[in-house]
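Peer 1: Just my_file_13.cif, nothing more (mmCIF, C-alpha atoms):
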```cif
data_run
#
loop_
_atom_site.group_PDB
_atom_site.id
_atom_site.type_symbol
_atom_site.label_atom_id
_atom_site.label_comp_id
_atom_site.auth_asym_id
_atom_site.auth_seq_id
_atom_site.Cartn_x
_atom_site.Cartn_y
_atom_site.Cartn_z
ATOM 1 C CA MET R 1 -15.498 -10.175 24.352
ATOM 2 C CA ASP R 2 -12.350 -8.298 25.318
ATOM 3 C CA ILE R 3 -10.306 -10.514 22.990
ATOM 4 C CA PHE R 4 -12.735 -9.878 20.146
ATOM 5 C CA LEU R 5 -12.660 -6.096 20.600
ATOM 6 C CA GLN R 6 -8.866 -6.065 20.928
ATOM 7 C CA GLN R 7 -8.463 -8.108 17.756
ATOM 8 C CA LEU R 8 -10.984 -5.811 16.073
ATOM 9 C CA ILE R 9 -8.763 -2.796 16.802
ATOM 10 C CA ASN R 10 -5.643 -4.693 15.744
ATOM 11 C CA GLY R 11 -7.356 -5.898 12.566
ATOM 12 C CA LEU R 12 -8.519 -2.432 11.572
ATOM 13 C CA THR R 13 -4.988 -1.113 12.125
ATOM 14 C CA ILE R 14 -3.389 -3.818 9.987
ATOM 15 C CA GLY R 15 -6.187 -3.525 7.436
ATOM 16 C CA SER R 16 -5.572 0.200 7.092
ATOM 17 C CA LEU R 17 -1.941 -0.539 6.208
ATOM 18 C CA TYR R 18 -3.007 -3.143 3.644
ATOM 19 C CA ALA R 19 -5.533 -0.723 2.164
ATOM 20 C CA LEU R 20 -2.956 2.063 1.703
ATOM 21 C CA VAL R 21 -0.633 -0.310 -0.138
ATOM 22 C CA ALA R 22 -3.465 -1.960 -2.095
ATOM 23 C CA LEU R 23 -4.509 1.418 -3.519
ATOM 24 C CA GLY R 24 -1.210 1.594 -5.394
ATOM 25 C CA TYR R 25 -1.863 -1.788 -7.011
ATOM 26 C CA THR R 26 -5.450 -1.020 -7.940
ATOM 27 C CA MET R 27 -4.753 2.444 -9.399
ATOM 28 C CA VAL R 28 -2.020 1.149 -11.715
ATOM 29 C CA TYR R 29 -4.116 -1.851 -12.754
ATOM 30 C CA GLY R 30 -7.204 0.292 -13.287
ATOM 31 C CA VAL R 31 -5.421 2.493 -15.817
ATOM 32 C CA MET R 32 -2.722 0.262 -17.322
ATOM 33 C CA LYS R 33 -4.162 -3.244 -16.709
ATOM 34 C CA LEU R 34 -0.765 -4.091 -15.225
ATOM 35 C CA ILE R 35 0.092 -5.674 -11.880
ATOM 36 C CA ASN R 36 2.945 -3.567 -10.506
ATOM 37 C CA PHE R 37 4.792 -6.316 -8.649
ATOM 38 C CA ALA R 38 7.502 -3.831 -7.654
ATOM 39 C CA HIS R 39 5.036 -1.847 -5.546
ATOM 40 C CA GLY R 40 5.593 -3.962 -2.430
ATOM 41 C CA ASP R 41 9.335 -3.367 -2.661
ATOM 42 C CA LEU R 42 8.720 0.367 -2.954
ATOM 43 C CA VAL R 43 6.856 0.059 0.348
ATOM 44 C CA ALA R 44 9.862 -1.686 1.917
ATOM 45 C CA PHE R 45 12.192 0.930 0.422
ATOM 46 C CA SER R 46 10.107 3.708 1.989
ATOM 47 C CA ALA R 47 10.423 2.117 5.439
ATOM 48 C CA TYR R 48 14.213 2.056 5.108
ATOM 49 C CA VAL R 49 14.331 5.622 3.788
ATOM 50 C CA GLY R 50 12.181 6.805 6.684
ATOM 51 C CA LEU R 51 14.395 4.934 9.141
ATOM 52 C CA THR R 52 17.502 6.593 7.683
ATOM 53 C CA ILE R 53 15.978 10.059 7.902
ATOM 54 C CA PHE R 54 14.876 9.462 11.503
ATOM 55 C CA THR R 55 18.235 8.168 12.679
ATOM 56 C CA GLN R 56 20.478 10.580 10.725
ATOM 57 C CA PHE R 57 18.631 13.806 11.441
ATOM 58 C CA TYR R 58 16.913 13.221 14.765
ATOM 59 C CA GLY R 59 18.672 10.304 16.460
ATOM 60 C CA SER R 60 17.190 9.438 19.828
ATOM 61 C CA ASN R 61 15.569 12.830 20.329
ATOM 62 C CA ALA R 62 11.825 13.052 20.782
ATOM 63 C CA LEU R 63 10.144 14.232 17.597
ATOM 64 C CA SER R 64 7.795 17.161 17.341
ATOM 65 C CA LEU R 65 4.737 17.121 15.103
ATOM 66 C CA VAL R 66 6.525 19.333 12.556
ATOM 67 C CA ASN R 67 9.517 16.959 12.396
ATOM 68 C CA ILE R 68 7.249 13.947 11.917
ATOM 69 C CA VAL R 69 5.421 15.691 9.068
ATOM 70 C CA ILE R 70 8.773 16.616 7.473
ATOM 71 C CA VAL R 71 10.002 13.004 7.622
ATOM 72 C CA PHE R 72 6.768 11.663 6.135
ATOM 73 C CA CYS R 73 6.791 14.261 3.347
ATOM 74 C CA LEU R 74 10.471 13.708 2.481
ATOM 75 C CA THR R 75 9.992 9.945 2.372
ATOM 76 C CA ALA R 76 6.870 10.243 0.215
ATOM 77 C CA ILE R 77 8.658 12.562 -2.242
ATOM 78 C CA ILE R 78 11.689 10.267 -2.544
ATOM 79 C CA VAL R 79 9.553 7.173 -3.105
ATOM 80 C CA ALA R 80 7.311 9.044 -5.565
ATOM 81 C CA PHE R 81 10.419 9.974 -7.576
ATOM 82 C CA LEU R 82 11.462 6.310 -7.602
ATOM 83 C CA GLY R 83 7.942 5.331 -8.685
ATOM 84 C CA VAL R 84 8.081 7.758 -11.622
ATOM 85 C CA LEU R 85 11.543 6.471 -12.553
ATOM 86 C CA LEU R 86 10.178 2.929 -12.440
ATOM 87 C CA GLU R 87 7.349 3.848 -14.799
ATOM 88 C CA ARG R 88 9.658 5.609 -17.246
ATOM 89 C CA LEU R 89 12.307 2.891 -17.386
ATOM 90 C CA ALA R 90 10.452 -0.381 -16.795
ATOM 91 C CA TYR R 91 6.886 0.133 -18.025
ATOM 92 C CA ARG R 92 6.598 2.939 -20.571
ATOM 93 C CA PRO R 93 8.889 1.306 -23.191
ATOM 94 C CA LEU R 94 6.722 -1.836 -22.992
ATOM 95 C CA ARG R 95 3.329 -0.156 -23.044
ATOM 96 C CA THR R 96 2.463 -1.463 -26.522
ATOM 97 C CA ALA R 97 4.242 -4.796 -26.024
ATOM 98 C CA PRO R 98 2.443 -8.033 -25.065
ATOM 99 C CA ARG R 99 1.192 -7.947 -21.490
ATOM 100 C CA LEU R 100 3.520 -10.752 -20.417
ATOM 101 C CA SER R 101 6.534 -8.553 -21.235
ATOM 102 C CA ALA R 102 5.362 -5.893 -18.804
ATOM 103 C CA VAL R 103 4.749 -8.522 -16.109
ATOM 104 C CA VAL R 104 8.291 -9.858 -16.519
ATOM 105 C CA SER R 105 9.603 -6.301 -16.369
ATOM 106 C CA ALA R 106 7.660 -5.693 -13.138
ATOM 107 C CA LEU R 107 9.107 -8.835 -11.562
ATOM 108 C CA GLY R 108 12.589 -7.776 -12.640
ATOM 109 C CA ALA R 109 12.092 -4.301 -11.174
ATOM 110 C CA SER R 110 10.949 -5.911 -7.917
ATOM 111 C CA LEU R 111 14.162 -7.930 -7.697
ATOM 112 C CA VAL R 112 16.288 -4.894 -8.515
ATOM 113 C CA ILE R 113 14.715 -2.793 -5.751
ATOM 114 C CA GLN R 114 14.880 -5.651 -3.245
ATOM 115 C CA ASN R 115 18.568 -6.275 -3.914
ATOM 116 C CA ALA R 116 19.291 -2.543 -3.875
ATOM 117 C CA ILE R 117 17.815 -2.387 -0.368
ATOM 118 C CA MET R 118 20.066 -5.279 0.686
ATOM 119 C CA LEU R 119 23.155 -3.648 -0.811
ATOM 120 C CA ILE R 120 22.483 -0.239 0.746
ATOM 121 C CA TRP R 121 21.268 -1.235 4.215
ATOM 122 C CA GLY R 122 22.600 -4.785 4.488
ATOM 123 C CA PRO R 123 20.886 -8.186 4.875
ATOM 124 C CA ASN R 124 20.425 -7.954 8.653
ATOM 125 C CA MET R 125 17.246 -6.761 10.317
ATOM 126 C CA GLU R 126 17.028 -3.061 11.082
ATOM 127 C CA ILE R 127 15.036 -1.801 14.048
ATOM 128 C CA PHE R 128 12.855 1.287 13.808
ATOM 129 C CA PRO R 129 13.204 3.721 16.761
ATOM 130 C CA SER R 130 10.476 3.512 19.363
ATOM 131 C CA ASN R 131 10.249 7.261 19.977
ATOM 132 C CA VAL R 132 8.590 8.297 16.711
ATOM 133 C CA PHE R 133 5.184 8.542 18.360
ATOM 134 C CA PRO R 134 4.508 8.862 22.096
ATOM 135 C CA ALA R 135 4.197 5.548 23.932
ATOM 136 C CA THR R 136 0.764 6.589 25.211
ATOM 137 C CA SER R 137 -2.046 4.040 25.288
ATOM 138 C CA TRP R 138 -5.592 3.961 26.575
ATOM 139 C CA ASN R 139 -7.342 1.074 28.315
ATOM 140 C CA PHE R 140 -11.083 0.836 27.709
ATOM 141 C CA GLY R 141 -12.336 -2.036 29.828
ATOM 142 C CA GLY R 142 -9.429 -4.281 28.922
ATOM 143 C CA VAL R 143 -9.188 -3.135 25.307
ATOM 144 C CA ILE R 144 -5.903 -1.298 24.740
ATOM 145 C CA ILE R 145 -5.534 1.306 21.988
ATOM 146 C CA SER R 146 -2.087 2.814 21.506
ATOM 147 C CA PHE R 147 -1.364 6.290 20.210
ATOM 148 C CA THR R 148 0.351 4.741 17.182
ATOM 149 C CA GLN R 149 -2.758 2.732 16.309
ATOM 150 C CA LEU R 150 -4.917 5.828 16.652
ATOM 151 C CA VAL R 151 -2.667 7.805 14.305
ATOM 152 C CA ILE R 152 -2.596 4.981 11.739
ATOM 153 C CA LEU R 153 -6.382 4.603 11.780
ATOM 154 C CA ALA R 154 -7.077 8.341 11.615
ATOM 155 C CA LEU R 155 -4.527 9.281 8.945
ATOM 156 C CA SER R 156 -5.336 6.239 6.800
ATOM 157 C CA ALA R 157 -9.031 7.123 6.886
ATOM 158 C CA VAL R 158 -8.282 10.736 5.910
ATOM 159 C CA LEU R 159 -6.020 9.664 3.032
ATOM 160 C CA MET R 160 -8.482 7.111 1.683
ATOM 161 C CA VAL R 161 -11.443 9.488 1.810
ATOM 162 C CA SER R 162 -9.334 12.245 0.234
ATOM 163 C CA LEU R 163 -8.283 9.957 -2.602
ATOM 164 C CA TYR R 164 -11.888 8.901 -3.236
ATOM 165 C CA ILE R 165 -12.977 12.549 -3.418
ATOM 166 C CA PHE R 166 -10.002 13.424 -5.625
ATOM 167 C CA ILE R 167 -10.777 10.654 -8.122
ATOM 168 C CA ASN R 168 -14.508 11.338 -8.284
ATOM 169 C CA LYS R 169 -14.789 15.118 -7.872
ATOM 170 C CA THR R 170 -11.794 16.730 -9.591
ATOM 171 C CA LYS R 171 -10.851 17.319 -13.223
ATOM 172 C CA ILE R 172 -7.671 15.234 -12.913
ATOM 173 C CA GLY R 173 -9.697 12.461 -11.306
ATOM 174 C CA THR R 174 -12.119 12.557 -14.228
ATOM 175 C CA ALA R 175 -9.161 12.284 -16.622
ATOM 176 C CA ILE R 176 -7.852 9.288 -14.666
ATOM 177 C CA ARG R 177 -11.230 7.553 -14.894
ATOM 178 C CA ALA R 178 -11.480 8.333 -18.603
ATOM 179 C CA THR R 179 -7.985 6.964 -19.227
ATOM 180 C CA ALA R 180 -8.896 3.817 -17.311
ATOM 181 C CA ILE R 181 -11.880 3.249 -19.620
ATOM 182 C CA ASP R 182 -10.119 3.820 -22.963
ATOM 183 C CA GLN R 183 -6.671 5.347 -23.424
ATOM 184 C CA ASP R 184 -7.096 5.956 -27.160
ATOM 185 C CA ALA R 185 -10.395 7.758 -26.686
ATOM 186 C CA ALA R 186 -8.862 9.769 -23.838
ATOM 187 C CA LYS R 187 -6.076 10.911 -26.183
ATOM 188 C CA LEU R 188 -8.678 12.030 -28.749
ATOM 189 C CA MET R 189 -10.356 14.088 -26.012
ATOM 190 C CA GLY R 190 -7.103 15.939 -25.362
ATOM 191 C CA ILE R 191 -6.021 14.051 -22.242
ATOM 192 C CA ASN R 192 -2.274 13.628 -21.826
ATOM 193 C CA VAL R 193 -2.194 9.894 -21.060
ATOM 194 C CA ASN R 194 1.506 9.873 -20.179
ATOM 195 C CA ARG R 195 0.937 12.580 -17.587
ATOM 196 C CA ILE R 196 -2.066 10.739 -16.146
ATOM 197 C CA ILE R 197 -0.094 7.507 -15.804
ATOM 198 C CA MET R 198 2.736 9.419 -14.146
ATOM 199 C CA THR R 199 0.184 10.926 -11.760
ATOM 200 C CA ILE R 200 -1.155 7.549 -10.658
ATOM 201 C CA PHE R 201 2.378 6.295 -10.063
ATOM 202 C CA ILE R 202 3.105 9.380 -7.949
ATOM 203 C CA ILE R 203 -0.086 9.014 -5.902
ATOM 204 C CA GLY R 204 0.244 5.244 -5.525
ATOM 205 C CA SER R 205 3.916 5.481 -4.538
ATOM 206 C CA MET R 206 3.232 8.211 -1.976
ATOM 207 C CA LEU R 207 0.412 6.210 -0.393
ATOM 208 C CA GLY R 208 2.679 3.163 -0.346
ATOM 209 C CA ALA R 209 5.435 5.257 1.249
ATOM 210 C CA ILE R 210 3.144 6.340 4.063
ATOM 211 C CA GLY R 211 2.018 2.734 4.468
ATOM 212 C CA GLY R 212 5.667 1.605 4.585
ATOM 213 C CA LEU R 213 6.514 4.161 7.269
ATOM 214 C CA PHE R 214 3.535 3.070 9.333
ATOM 215 C CA ILE R 215 4.612 -0.573 8.941
ATOM 216 C CA GLY R 216 8.073 0.321 10.226
ATOM 217 C CA ILE R 217 6.710 2.346 13.136
ATOM 218 C CA TYR R 218 4.111 -0.276 14.076
ATOM 219 C CA TYR R 219 6.156 -3.479 13.696
ATOM 220 C CA ARG R 220 9.620 -1.856 14.083
ATOM 221 C CA GLY R 221 11.571 -4.754 12.533
ATOM 222 C CA LEU R 222 12.630 -4.218 8.901
ATOM 223 C CA THR R 223 14.093 -6.786 6.496
ATOM 224 C CA PHE R 224 15.166 -6.230 2.904
ATOM 225 C CA ASP R 225 12.644 -8.793 1.590
ATOM 226 C CA MET R 226 9.649 -7.582 3.619
ATOM 227 C CA GLY R 227 8.148 -5.949 0.534
ATOM 228 C CA TRP R 228 7.170 -9.350 -0.841
ATOM 229 C CA LEU R 229 5.044 -10.249 2.200
ATOM 230 C CA TYR R 230 3.267 -6.926 2.603
ATOM 231 C CA GLY R 231 2.940 -6.479 -1.136
ATOM 232 C CA LEU R 232 1.395 -9.932 -1.488
ATOM 233 C CA ASN R 233 -1.142 -9.281 1.270
ATOM 234 C CA ALA R 234 -2.036 -5.905 -0.213
ATOM 235 C CA PHE R 235 -2.393 -7.507 -3.652
ATOM 236 C CA ILE R 236 -4.724 -10.136 -2.175
ATOM 237 C CA ALA R 237 -6.690 -7.332 -0.499
ATOM 238 C CA ALA R 238 -7.056 -5.581 -3.864
ATOM 239 C CA ILE R 239 -8.314 -8.797 -5.473
ATOM 240 C CA ILE R 240 -10.783 -9.459 -2.649
ATOM 241 C CA GLY R 241 -12.239 -5.973 -2.906
ATOM 242 C CA GLY R 242 -12.150 -5.924 -6.716
ATOM 243 C CA ILE R 243 -8.881 -4.924 -8.353
ATOM 244 C CA GLY R 244 -9.307 -1.741 -10.341
ATOM 245 C CA SER R 245 -11.835 -0.401 -7.825
ATOM 246 C CA ILE R 246 -10.543 2.173 -5.338
ATOM 247 C CA PRO R 247 -13.367 1.559 -2.816
ATOM 248 C CA GLY R 248 -12.728 -2.153 -3.353
ATOM 249 C CA ALA R 249 -9.063 -1.785 -2.377
ATOM 250 C CA MET R 250 -10.074 0.061 0.788
ATOM 251 C CA LEU R 251 -12.726 -2.518 1.685
ATOM 252 C CA GLY R 252 -10.490 -5.465 0.804
ATOM 253 C CA GLY R 253 -7.628 -4.147 2.930
ATOM 254 C CA LEU R 254 -9.817 -3.635 5.981
ATOM 255 C CA LEU R 255 -11.534 -7.022 5.601
ATOM 256 C CA LEU R 256 -8.236 -8.854 5.152
ATOM 257 C CA GLY R 257 -6.755 -7.122 8.206
ATOM 258 C CA LEU R 258 -9.768 -8.085 10.314
ATOM 259 C CA PHE R 259 -9.715 -11.644 8.979
ATOM 260 C CA ASN R 260 -6.000 -12.094 9.763
ATOM 261 C CA ALA R 261 -6.422 -10.601 13.236
ATOM 262 C CA MET R 262 -9.309 -12.917 14.094
ATOM 263 C CA ILE R 263 -7.458 -15.988 12.814
ATOM 264 C CA SER R 264 -4.360 -14.987 14.813
ATOM 265 C CA GLY R 265 -6.396 -14.288 17.928
ATOM 266 C CA TYR R 266 -8.637 -17.354 17.920
ATOM 267 C CA ILE R 267 -6.668 -20.008 16.032
ATOM 268 C CA SER R 268 -2.954 -19.347 15.465
ATOM 269 C CA THR R 269 -0.697 -16.785 13.843
ATOM 270 C CA GLU R 270 1.014 -19.642 11.998
ATOM 271 C CA TRP R 271 -2.221 -20.416 10.166
ATOM 272 C CA ALA R 272 -3.090 -16.817 9.282
ATOM 273 C CA GLU R 273 -1.450 -16.896 5.843
ATOM 274 C CA THR R 274 -3.020 -20.264 5.008
ATOM 275 C CA PHE R 275 -6.497 -19.044 5.847
ATOM 276 C CA THR R 276 -5.807 -15.856 3.868
ATOM 277 C CA PHE R 277 -5.365 -17.884 0.681
ATOM 278 C CA ILE R 278 -8.411 -20.008 1.535
ATOM 279 C CA LEU R 279 -10.427 -16.784 1.837
ATOM 280 C CA LEU R 280 -9.045 -15.587 -1.513
ATOM 281 C CA ILE R 281 -10.025 -18.848 -3.212
ATOM 282 C CA VAL R 282 -13.545 -18.700 -1.773
ATOM 283 C CA ILE R 283 -13.986 -15.071 -2.879
ATOM 284 C CA LEU R 284 -12.757 -15.865 -6.394
ATOM 285 C CA ILE R 285 -15.131 -18.829 -6.663
ATOM 286 C CA LEU R 286 -18.179 -16.943 -5.413
ATOM 287 C CA ARG R 287 -17.330 -13.518 -6.816
ATOM 288 C CA PRO R 288 -14.545 -13.683 -9.456
ATOM 289 C CA THR R 289 -14.397 -9.896 -9.905
ATOM 290 C CA GLY R 290 -14.125 -9.231 -6.157
ATOM 291 C CA LEU R 291 -16.653 -8.004 -3.623
ATOM 292 C CA LEU R 292 -17.282 -4.669 -5.332
ATOM 293 C CA GLY R 293 -16.373 -5.887 -8.782
ATOM 294 C CA GLU R 294 -14.422 -4.164 -11.499
ATOM 295 C CA LYS R 295 -16.457 -1.549 -13.344
ATOM 296 C CA THR R 296 -16.274 -1.875 -17.086
ATOM 297 C CA ALA R 297 -17.775 0.268 -19.782
ATOM 298 C CA GLU R 298 -19.428 -1.046 -22.898
ATOM 299 C CA LYS R 299 -17.729 0.361 -26.006
ATOM 300 C CA VAL R 300 -20.034 1.205 -28.902
#
```
As structure tokens, what does this structure read like?
Peer 2:
Amino acid sequence: MDIFLQQLINGLTIGSLYALVALGYTMVYGVMKLINFAHGDLVAFSAYVGLTIFTQFYGSNALSLVNIVIVFCLTAIIVAFLGVLLERLAYRPLRTAPRLSAVVSALGASLVIQNAIMLIWGPNMEIFPSNVFPATSWNFGGVIISFTQLVILALSAVLMVSLYIFINKTKIGTAIRATAIDQDAAKLMGINVNRIIMTIFIIGSMLGAIGGLFIGIYYRGLTFDMGWLYGLNAFIAAIIGGIGSIPGAMLGGLLLGLFNAMISGYISTEWAETFTFILLIVILILRPTGLLGEKTAEKV
């Protein structure tokens, strides 16, 4: 039972990271019907940017809450700027082109960002400092919860709930949902579609940046090609939950994290990725649109 509860905590932690990254995929797809394959590399880029800020400005000194917030905000702003630049240069010129052109552009952007990371920080693994969060942990009957896990779970939950409220209860959120249904009709209603698309890239990139920082803090080891692995898992999470659905991305991320943790804990970590794809295949066979499905509107 202790193993199950420990893997449950680990799975929820990993799933929260997947969910934060998956939200970027699902928001872009929901509005543009485009898979932003460069999103995973933006996540990796954010981890390296956060590492640079930590080491250059704070070194080995213990960080206060204010300093941690500053680092997270600076990283999110930098990555959001890169996300907007990506949309302007790689996607906007191809918005009316065949969908395959945009997919090729996304793959090209992914390679550019990945190689830029290698050129700037080098091909060798970088290690995230261990003093970002206190090394405190709590033992509840053999189940260990670290302070880092608690922060990841709490902040991820706050961000996901806030995004859900923002999309469903605000005027901008209403405009995003309208643009996702029909961009031409949204333009006729006075909605600035370009601004809405830029908004989703900003929000998705900032969520991915926070997810990337958490990945660096939690796993500590960074490689220039890590964006492919985490991006792929987050993409799978979005598909499992129902790509285009924000609650689906959240649910898919948490379920995939729990599934991977249980496979690693009871079978083998080497088989975790294999069983992940088996789960994806089963979900697609039984529920092709994902667990929550993609909401579509009937045009009349």
Peer 1: Assuming the chain letters and numbering stay as they are in my file, what does the PyMOL selection byres ((chain R and resi 66-69) around 12) actually select? List them as a ChimeraX atom specification.
Peer 2: /R:50-51,53-54,57-58,61-65,70-76,131-134,151,155,210,213-214,217
Peer 1: CA of Ile120 in chain R and CA of Glu87 in chain R, how far apart in Å?
Peer 2: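 Distance reported for this atom pair: 22.1 Å.
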Peer 1: Could you expand the PyMOL selection byres ((chain R and resi 24-30) around 6) into the explicit residues it covers here, written as a list in words?
Peer 2: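 Selected by the PyMOL selection byres ((chain R and resi 24-30) around 6) in this file: Val21, Ala22, Leu23, Val31, Met32, Lys33, Leu34, Ile35, Ala180, Gly204, Ile243 and Gly244 of chain R.
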Peer 1: Of the candidates R:Ser130, R:Asn139, R:Asn260, R:Thr223, which one gets nearest to Leu8 in chain R if we count all atoms listed in the file?
Peer 2: R:Asn260
Peer 1: Take the PyMOL selection byres ((chain R and resi 240) around 10), run it mentally on this structure, and tell me the resulting residues as a list in words.
Peer 2: Ala234, Phe235, Ile236, Ala237, Ala238, Ile239, Gly241, Gly242, Ile243, Gly248, Ala249, Leu251, Gly252, Gly253, Leu255, Leu256, Leu279, Leu280, Ile281, Val282, Ile283, Leu284, Arg287, Pro288, Thr289, Gly290, Leu291, Leu292 and Gly293 of chain R
Peer 1: How big is the axis-aligned box, and where does its centre sit, when it encloses all atoms of range 92-105 of chain R listed in the file and has 4 Å added on every side, reported in Å to one decimal as JSON?
Peer 2:
```
{"center_x": 5.4, "center_y": -3.9, "center_z": -21.3, "size_x": 16.4, "size_y": 21.7, "size_z": 18.4}
```
Peer 1: Between R:Tyr18, R:Leu150, R:Tyr219, R:Gly108, which has the minimum distance to Trp138 in chain R (counting only C-alpha atoms)?
Peer 2: R:Leu150
Peer 1: Neighbouring residues of Leu94 in chain R were defined as those with any atom within 12 Å, considering all atoms listed in the file; residues of the same chain fewer than 5 positions away were excluded. Please report them as a PyMOL selection string.
Peer 2: chain R and resi 32+34+87-89+99-106
Peer 1: Quick one: distance from CA of Arg195 in chain R to CA of Tyr164 in chain R in Å, one decimal?
Peer 2: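 Between CA of Arg195 in chain R and CA of Tyr164 in chain R the gap works out to 19.6 Å.
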Peer 1: In terms of the shortest atom-to-atom distance over only C-alpha atoms, which of R:Phe259, R:Phe128, R:Tyr48, R:Phe275 is closest to Leu12 in chain R?
Peer 2: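 Closest residue, counting only C-alpha atoms: R:Phe259.
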Peer 1: Counting all atoms listed in the file, which residue out of R:Ala90, R:Ala157, R:Met118, R:Leu107 sits closest to Ser16 in chain R?
Peer 2: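 Closest to Ser16 in chain R of all the choices is R:Ala157.
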